[in-house]
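Participant: My structure is stored as data19.cif, with mmCIF, C-alpha atoms.
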```
data_input
#
loop_
_atom_site.label_atom_id
_atom_site.label_comp_id
_atom_site.auth_asym_id
_atom_site.auth_seq_id
_atom_site.Cartn_x
_atom_site.Cartn_y
_atom_site.Cartn_z
CA TYR O 16 98.87 128.62 82.23
CA SER O 17 97.40 125.99 84.56
CA LEU O 18 100.90 124.57 85.06
CA MET O 19 102.14 128.06 85.96
CA LYS O 20 99.35 128.27 88.53
CA HIS O 21 100.36 125.00 90.14
CA HIS O 22 104.02 126.08 90.19
CA THR O 23 103.08 129.27 92.00
CA ALA O 24 100.62 127.44 94.25
CA THR O 25 103.47 125.23 95.49
CA HIS O 26 105.32 128.30 96.79
CA VAL O 27 102.16 129.72 98.36
CA LEU O 28 101.32 126.44 100.11
CA MET O 29 104.90 126.05 101.32
CA GLY O 30 104.76 129.49 102.92
CA ALA O 31 101.41 128.68 104.54
CA ALA O 32 102.63 125.30 105.85
CA ARG O 33 105.69 126.86 107.51
CA ARG O 34 103.51 129.49 109.17
CA VAL O 35 101.01 126.93 110.51
CA LEU O 36 103.31 124.03 111.40
CA GLY O 37 106.63 125.72 112.16
CA LYS O 38 109.97 126.56 110.58
CA HIS O 39 111.08 122.92 110.77
CA VAL O 40 108.89 122.22 107.74
CA TRP O 41 111.00 121.51 104.66
CA GLN O 42 110.10 120.65 101.09
CA PHE O 43 110.92 117.01 100.34
CA GLY O 44 109.58 116.87 96.82
CA THR O 45 106.97 118.14 94.39
CA GLN O 46 105.12 117.06 91.28
CA LYS O 47 103.25 119.67 89.29
CA GLY O 48 100.39 118.94 86.93
CA VAL O 49 97.66 120.88 85.14
CA GLU O 50 94.74 119.33 87.08
CA SER O 51 96.41 118.70 90.44
CA SER O 52 99.84 118.71 92.03
CA ARG O 53 101.50 117.42 95.16
CA LEU O 54 103.85 118.85 97.73
CA ASP O 55 105.79 116.62 100.14
CA ILE O 56 106.85 118.29 103.38
CA SER O 57 108.71 117.22 106.51
CA HIS O 58 106.62 117.01 109.68
CA TYR O 59 106.91 114.83 112.76
CA ARG O 60 103.30 113.57 112.77
CA ARG O 61 100.17 113.28 110.64
CA LEU O 62 98.46 116.53 109.80
CA THR O 63 95.15 117.09 111.55
CA LEU O 64 92.12 118.25 109.60
CA GLU O 65 92.24 121.53 111.51
CA GLU O 66 95.86 122.09 110.42
CA VAL O 67 94.98 121.31 106.80
CA TYR O 68 92.15 123.85 106.93
CA LYS O 69 94.46 126.47 108.47
CA ILE O 70 97.09 125.93 105.76
CA GLU O 71 94.40 126.14 103.08
CA ALA O 72 92.86 129.30 104.57
CA LEU O 73 96.23 131.01 104.95
CA ALA O 74 97.20 130.12 101.38
CA ASN O 75 93.97 131.65 100.07
CA GLN O 76 94.55 134.76 102.17
CA ALA O 77 97.88 135.14 100.38
CA ILE O 78 96.00 134.82 97.08
CA SER O 79 93.56 137.57 98.08
CA ARG O 80 96.51 139.90 98.73
CA ALA O 81 97.68 139.57 95.11
CA ILE O 82 101.31 139.51 96.25
CA PRO O 83 103.72 140.22 93.37
CA VAL O 84 105.81 137.25 92.19
CA GLU O 85 109.36 138.31 91.29
CA ALA O 86 111.86 136.09 89.51
CA ARG O 87 115.45 137.28 88.99
CA TRP O 88 118.93 135.92 88.57
CA MET O 89 121.30 136.65 91.44
CA PRO O 90 124.85 135.74 92.39
CA ARG O 91 124.66 132.69 94.66
CA ASN O 92 126.63 134.33 97.48
CA GLU O 93 124.38 137.39 97.50
CA ALA O 94 121.19 135.29 97.43
CA GLU O 95 122.41 133.12 100.31
CA ARG O 96 123.41 136.20 102.30
CA LEU O 97 119.95 137.73 101.84
CA TYR O 98 117.73 134.69 102.21
CA GLY O 99 119.77 131.91 103.81
CA PHE O 100 119.68 128.16 103.23
CA LYS O 101 115.86 128.10 102.93
CA LEU O 102 116.45 129.12 99.31
CA TYR O 103 117.10 125.48 98.52
CA GLN O 104 113.71 124.05 99.49
CA GLY O 105 113.55 122.37 96.10
CA GLY O 106 117.12 121.05 96.34
CA ALA O 107 120.54 122.50 95.60
CA ILE O 108 120.96 124.30 92.25
CA PRO O 109 124.37 124.37 90.49
CA GLY O 110 126.04 127.49 89.12
CA LYS O 111 127.45 130.79 90.34
CA ASP O 112 124.18 132.54 89.58
CA ILE O 113 120.79 131.21 90.64
CA ARG O 114 117.23 132.15 89.73
CA VAL O 115 115.37 133.33 92.81
CA VAL O 116 111.56 133.40 92.92
CA LYS O 117 110.33 135.75 95.63
CA ILE O 118 106.68 136.20 96.62
CA GLY O 119 106.81 139.34 98.74
CA ASP O 120 107.29 138.47 102.40
CA TRP O 121 105.54 135.12 101.86
CA ASP O 122 108.09 132.79 100.30
CA VAL O 123 111.45 132.83 98.59
CA GLU O 124 113.12 129.94 96.82
CA ALA O 125 115.69 129.16 94.16
CA CYS O 126 113.51 127.89 91.32
CA ALA O 127 113.67 127.59 87.54
CA GLY O 128 109.92 127.06 87.04
CA THR O 129 107.40 129.30 85.29
CA HIS O 130 105.21 131.41 87.58
CA LEU O 131 102.35 133.90 87.61
CA ARG O 132 102.84 137.65 87.97
CA ASN O 133 101.06 137.76 91.33
CA THR O 134 99.28 135.40 93.71
CA GLY O 135 95.88 136.87 92.83
CA GLU O 136 96.03 135.13 89.43
CA LEU O 137 95.80 131.80 91.26
CA GLY O 138 92.17 132.45 92.10
CA PHE O 139 91.85 129.62 94.61
CA ILE O 140 93.75 126.69 96.16
CA LYS O 141 92.04 123.56 97.43
CA ILE O 142 93.89 120.82 99.35
CA LEU O 143 92.24 117.61 98.14
CA ARG O 144 93.85 115.18 100.57
CA THR O 145 96.93 114.47 102.66
CA GLU O 146 98.78 111.21 103.22
CA ARG O 147 101.80 109.92 105.11
CA ILE O 148 104.20 108.69 102.43
CA GLN O 149 107.02 107.78 104.82
CA ASP O 150 108.10 108.42 108.39
CA GLY O 151 108.39 112.18 108.85
CA VAL O 152 106.99 113.15 105.42
CA GLU O 153 103.46 114.37 104.68
CA ARG O 154 102.07 114.69 101.16
CA LEU O 155 99.61 117.46 100.25
CA VAL O 156 97.65 116.87 97.04
CA TYR O 157 96.02 120.07 95.80
CA SER O 158 94.46 121.90 92.87
CA ALA O 159 94.67 125.56 91.93
CA GLY O 160 92.51 127.90 89.88
CA LEU O 161 89.60 126.55 87.83
CA ALA O 162 91.12 123.06 88.11
CA ALA O 163 90.17 123.15 91.82
CA LEU O 164 86.50 123.58 90.93
CA LYS O 165 86.11 120.10 89.41
CA PRO O 166 86.97 118.04 92.55
CA ILE O 167 84.83 120.36 94.68
CA GLN O 168 81.86 119.85 92.36
CA GLU O 169 82.45 116.08 92.30
CA ARG O 170 82.40 115.97 96.09
CA GLU O 171 79.24 118.05 96.16
CA LYS O 172 77.57 115.67 93.67
CA LEU O 173 78.59 112.74 95.87
CA LEU O 174 77.12 114.43 98.95
CA LEU O 175 73.89 115.20 97.10
CA HIS O 176 73.68 111.59 95.88
CA VAL O 177 74.18 110.24 99.41
CA ALA O 178 71.64 112.73 100.78
CA SER O 179 69.13 111.65 98.13
CA THR O 180 69.77 107.95 98.85
CA LEU O 181 69.28 108.49 102.59
CA ASN O 182 66.32 110.81 101.97
CA ALA O 183 67.92 113.48 104.16
CA PRO O 184 68.63 117.19 103.60
CA LEU O 185 72.33 118.09 103.40
CA GLU O 186 72.30 119.92 106.72
CA LYS O 187 71.04 116.76 108.45
CA LEU O 188 73.16 114.29 106.49
CA ALA O 189 75.78 113.71 109.20
CA LYS O 190 73.16 113.01 111.90
CA THR O 191 71.17 110.77 109.56
CA ALA O 192 74.27 108.76 108.63
CA GLU O 193 75.26 108.44 112.29
CA ARG O 194 71.76 107.24 113.20
CA LEU O 195 71.75 104.66 110.39
CA VAL O 196 75.20 103.37 111.36
CA ASN O 197 74.07 102.98 114.98
CA GLU O 198 70.91 101.17 113.83
CA TYR O 199 73.02 98.91 111.63
CA LYS O 200 75.34 98.07 114.53
CA GLU O 201 72.38 97.30 116.78
CA THR O 202 70.82 95.11 114.08
CA ARG O 203 74.10 93.20 113.75
CA LYS O 204 74.18 92.66 117.52
CA GLN O 205 70.62 91.36 117.44
CA ARG O 206 71.51 89.09 114.51
CA GLU O 207 74.51 87.74 116.45
CA ARG O 208 72.32 87.02 119.47
CA LEU O 209 69.75 85.23 117.30
CA LEU O 210 72.44 83.22 115.52
CA GLU O 211 73.89 82.16 118.87
CA GLU O 212 70.47 81.03 120.09
CA LEU O 213 69.80 79.21 116.82
CA ALA O 214 73.22 77.57 116.94
CA LYS O 215 72.61 76.42 120.52
CA LEU O 216 69.27 74.82 119.61
CA ARG O 217 70.67 73.10 116.52
CA ALA O 218 73.74 71.92 118.45
CA GLU O 219 71.55 70.32 121.13
CA LYS O 220 69.51 68.54 118.45
CA LEU O 221 72.61 67.26 116.67
CA LEU O 222 74.23 66.07 119.90
CA GLY O 223 71.24 63.81 120.38
CA LYS O 224 72.35 61.93 117.24
CA ALA O 225 76.06 61.78 118.15
CA GLU O 226 77.89 58.50 117.48
CA LYS O 227 80.60 57.29 119.86
CA ILE O 228 83.79 55.99 118.23
CA ASP O 229 86.53 54.75 120.56
CA GLY O 230 86.11 57.48 123.16
CA VAL O 231 85.32 60.25 120.67
CA LYS O 232 81.82 61.48 119.87
CA LEU O 233 81.10 62.25 116.23
CA VAL O 234 78.46 64.72 115.12
CA ILE O 235 78.22 64.74 111.33
CA ASP O 236 75.41 66.33 109.36
CA SER O 237 74.53 68.29 106.23
CA MET O 238 72.12 71.20 106.01
CA LYS O 239 70.90 73.74 103.48
CA GLU O 240 73.07 76.55 104.76
CA GLU O 241 75.06 79.03 102.68
CA ASP O 242 76.62 80.91 105.57
CA ALA O 243 79.78 79.29 106.94
CA GLU O 244 79.47 81.57 109.99
CA VAL O 245 76.34 79.69 111.08
CA LEU O 246 78.06 76.32 110.66
CA ILE O 247 80.99 77.56 112.74
CA LYS O 248 78.71 78.76 115.53
CA ILE O 249 76.88 75.41 115.66
CA ALA O 250 80.15 73.45 115.67
CA ASN O 251 81.58 75.71 118.37
CA GLN O 252 78.53 75.16 120.58
CA ILE O 253 78.96 71.40 120.18
CA VAL O 254 82.67 71.13 121.03
CA THR O 255 82.54 73.77 123.78
CA SER O 256 79.84 71.91 125.69
CA HIS O 257 81.29 68.46 124.83
CA PRO O 258 85.13 68.58 124.55
CA ASP O 259 85.26 64.90 123.54
CA THR O 260 83.28 65.63 120.36
CA VAL O 261 84.20 66.21 116.71
CA ALA O 262 81.67 68.25 114.71
CA ILE O 263 81.73 67.80 110.93
CA LEU O 264 79.10 70.00 109.29
CA PHE O 265 78.33 70.38 105.59
CA GLY O 266 76.45 73.42 104.29
CA VAL O 267 74.99 72.82 100.85
CA ASN O 268 73.46 75.27 98.41
CA ARG O 269 74.96 76.21 95.06
CA THR O 270 78.29 75.01 96.46
CA ALA O 271 79.25 72.91 99.47
CA LYS O 272 81.01 74.21 102.57
CA ILE O 273 82.66 72.08 105.23
CA VAL O 274 83.36 73.05 108.84
CA VAL O 275 85.30 70.65 111.06
CA MET O 276 85.84 71.38 114.74
CA ALA O 277 87.44 69.13 117.37
CA GLY O 278 87.11 69.48 121.14
CA ARG O 279 90.09 69.39 123.50
CA LYS O 280 89.67 65.74 124.49
CA ALA O 281 89.12 64.70 120.87
CA LEU O 282 92.47 66.29 119.95
CA GLU O 283 94.14 64.18 122.64
CA ASN O 284 92.84 61.12 120.77
CA GLY O 285 94.69 62.10 117.60
CA VAL O 286 91.98 64.00 115.73
CA ASP O 287 93.21 66.52 113.12
CA ALA O 288 90.46 68.74 111.66
CA ARG O 289 92.70 69.85 108.77
CA GLU O 290 93.03 66.38 107.30
CA ILE O 291 89.31 65.68 107.66
CA ALA O 292 88.38 68.93 105.87
CA ARG O 293 90.96 68.36 103.15
CA GLU O 294 89.96 64.75 102.45
CA ALA O 295 86.22 65.51 102.43
CA ALA O 296 86.69 68.58 100.22
CA SER O 297 88.68 66.54 97.69
CA MET O 298 85.49 64.55 97.03
CA LEU O 299 83.74 67.83 96.24
CA GLY O 300 86.43 69.00 93.83
CA GLY O 301 87.84 71.53 96.27
CA GLY O 302 90.29 71.88 99.14
CA GLY O 303 90.51 72.55 102.85
CA SER O 304 92.87 74.03 105.44
CA GLY O 305 93.03 75.32 108.98
CA LYS O 306 94.31 74.16 112.36
CA PRO O 307 94.11 70.79 114.14
CA ASN O 308 91.11 71.96 116.17
CA PHE O 309 89.32 73.93 113.43
CA ALA O 310 89.38 73.69 109.65
CA GLN O 311 87.22 74.66 106.70
CA GLY O 312 86.87 73.46 103.16
CA GLY O 313 84.48 73.22 100.27
CA GLY O 314 83.88 72.48 96.65
CA THR O 315 81.44 72.75 93.77
CA ARG O 316 80.54 69.08 93.20
CA THR O 317 77.50 69.06 95.46
CA GLN O 318 76.31 65.82 93.82
CA LYS O 319 79.23 64.10 95.58
CA LEU O 320 78.01 65.12 99.05
CA ALA O 321 77.30 61.56 100.24
CA GLU O 322 80.82 60.48 99.23
CA ALA O 323 82.32 63.50 101.02
CA ILE O 324 80.43 62.63 104.22
CA ARG O 325 81.68 59.03 104.05
CA LYS O 326 85.24 60.22 103.42
CA ALA O 327 85.11 62.55 106.42
CA GLU O 328 83.96 59.76 108.73
CA GLU O 329 86.54 57.31 107.35
CA THR O 330 89.32 59.84 107.92
CA LEU O 331 88.20 60.45 111.49
CA ARG O 332 88.08 56.72 112.29
CA ARG O 333 91.58 56.29 110.90
CA GLN O 334 92.91 59.15 113.02
CA ILE O 335 91.54 58.07 116.37
CA ARG O 336 94.05 56.30 118.54
CA LYS O 337 92.67 53.22 120.30
CA PRO O 338 92.52 53.59 124.10
CA LYS O 339 95.38 51.81 125.82
#
```
So that I can check it, write out the structure of this file as structure tokens.
Facilitator:
Amino acid sequence: YSLMKHHTATHVLMGAARRVLGKHVWQFGTQKGVESSRLDISHYRRLTLEEVYKIEALANQAISRAIPVEARWMPRNEAERLYGFKLYQGGAIPGKDIRVVKIGDWDVEACAGTHLRNTGELGFIKILRTERIQDGVERLVYSAGLAALKPIQEREKLLLHVASTLNAPLEKLAKTAERLVNEYKETRKQRERLLEELAKLRAEKLLGKAEKIDGVKLVIDSMKEEDAEVLIKIANQIVTSHPDTVAILFGVNRTAKIVVMAGRKALENGVDAREIAREAASMLGGGGSGKPNFAQGGGTRTQKLAEAIRKAEETLRRQIRKPK
């Protein structure tokens, strides 16, 4: 019986879609189930939420009218003369006689499926979601009858759970969520500003310990830092303010992270951050990759940190071209 409902619901939705979107709408495919079904229709753009609601409302109006559903066999020529090519929404059907399913003035289609006696037996149609499955084709996923109640209740439970988590009544949930998102964005901005300031201070301190190697300054250090983002910001501050510098930073916690960044002038001297990161990471039991000016790596053998630092410096010294 549920399958019969979804068969009939397909016809009802098709009639509603053509009324809302236009007569260009054509059925591209269907799949009927007992819990939910889908209807693929032609349309030149994505459906708006307002259009989905209009289709849904119109379909349920047709249900409230309890329109009789008639199914009868007719000679093909007579059926085509009466109803035209729109009979074949579900595809061409072979034979001299075809089975025509007619729902009053709402929809008519050549169809061999099982259907209800009238639209009122559907009870209710709920469009669960829409998606663009290919250019020019929209998919409507929907449920009919009691099967439509389950997804509605699940969504309500989700809303109630979110409202409880945010400690907000349902009617104020949208505003509360919007406020929290805005606060989160502002907090992230503040965090970014603080990280930039922190990176600047740490970069200045590290530059004071820079070693000069054949025209290239080397800043190499390890710190208890899990976040690679912080290492990147520090390294960026170093090479931006001093283009002749190579920053090799190790962040060590449960694992080791490596950030290698080379300034413009350092690159001109043959520095390749990728090789440095890769060679150092190999000491840590890991790997590295990136670009000549910026690379990352890491590994789990934190006990080999001292060896990784030595390897990074050795690789840099080997890369640097001697001034002519």
Participant: Go ahead and compute the interatomic distance for CA of Gly266 (chain O) and CA of Glu240 (chain O), in Å to one decimal.
Facilitator: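 CA of Gly266 (chain O) sits 4.6 Å away from CA of Glu240 (chain O).
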Participant: Starting from the PyMOL selection byres ((chain O and resi 301) around 9), expand the selection into actual residues of this file and give them as a PyMOL selection string.
Facilitator: chain O and resi 293+295-300+302-303+312-316
Participant: Kindly give the distance, in Å, that separates CA of Asp112 (chain O) and CA of Ala125 (chain O), rounded to a single decimal.
Facilitator: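 Computing the Euclidean distance for CA of Asp112 (chain O) and CA of Ala125 (chain O) yields 10.2 Å.
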Participant: If you apply the PyMOL selection byres ((chain O and resi 305) around 12) to this file, what residues do you get, as a VMD selection string?
Facilitator: chain O and resid 273 to 277 287 to 293 302 to 304 306 to 312
Participant: On this structure, the PyMOL selection byres ((chain O and resi 63) around 12) would catch which residues? List them as an MDAnalysis selection string, sorted by chain and number.
Facilitator: chainID O and resid 35:36 58 60:62 64:70 144:147 153
Participant: Generate the output file for the selected residues, C-alpha atoms, as a compact mmCIF listing (two decimals), keeping the file's coordinate frame.
Facilitator:
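Wrote it out as again.txt, contents follow:
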```txt
# COMPACT_ATOMS: atom_id res chain seq x y z
CA VAL O 35 101.01 126.93 110.51
CA LEU O 36 103.31 124.03 111.40
CA HIS O 58 106.62 117.01 109.68
CA ARG O 60 103.30 113.57 112.77
CA ARG O 61 100.17 113.28 110.64
CA LEU O 62 98.46 116.53 109.80
CA LEU O 64 92.12 118.25 109.60
CA GLU O 65 92.24 121.53 111.51
CA GLU O 66 95.86 122.09 110.42
CA VAL O 67 94.98 121.31 106.80
CA TYR O 68 92.15 123.85 106.93
CA LYS O 69 94.46 126.47 108.47
CA ILE O 70 97.09 125.93 105.76
CA ARG O 144 93.85 115.18 100.57
CA THR O 145 96.93 114.47 102.66
CA GLU O 146 98.78 111.21 103.22
CA ARG O 147 101.80 109.92 105.11
CA GLU O 153 103.46 114.37 104.68
```
Participant: Check the smallest atom-to-atom distance from each of O:Leu246, O:Val254, O:Leu54, O:Leu216 to His26 (chain O) using all atoms listed in the file, then report the winner.
Facilitator: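 When distances to His26 (chain O) are compared using all atoms listed in the file, the smallest one comes from O:Leu54.
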Participant: Determine the nearest neighbour of Ile253 (chain O) from the options O:Arg217, O:Arg87, O:Lys319, O:Arg269, counting only C-alpha atoms.
Facilitator: O:Arg217
Participant: State, in Å with one decimal place, the distance from CA of Cys126 (chain O) to CA of Tyr59 (chain O).
Facilitator: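 CA of Tyr59 (chain O) lies at a distance of 26.0 Å from CA of Cys126 (chain O).
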Participant: Can you work out which one of O:Lys117, O:Lys280, O:Lys239, O:Lys224 has the shortest atom-to-atom distance to His257 (chain O), counting all atoms listed in the file?
Facilitator: O:Lys280
Participant: Would you list the contacts of Ile56 (chain O) as a list of chain:residue names, taking every protein, DNA or RNA residue within 8 Å and counting all atoms listed in the file, but skipping same-chain residues closer than 2 positions in sequence?
Facilitator: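 Contacts, in chain order: O:Val40, O:Trp41, O:Gln42, O:Phe43, O:Gly44, O:Leu54, O:His58, O:Val152, O:Glu153, O:Arg154, O:Leu155.
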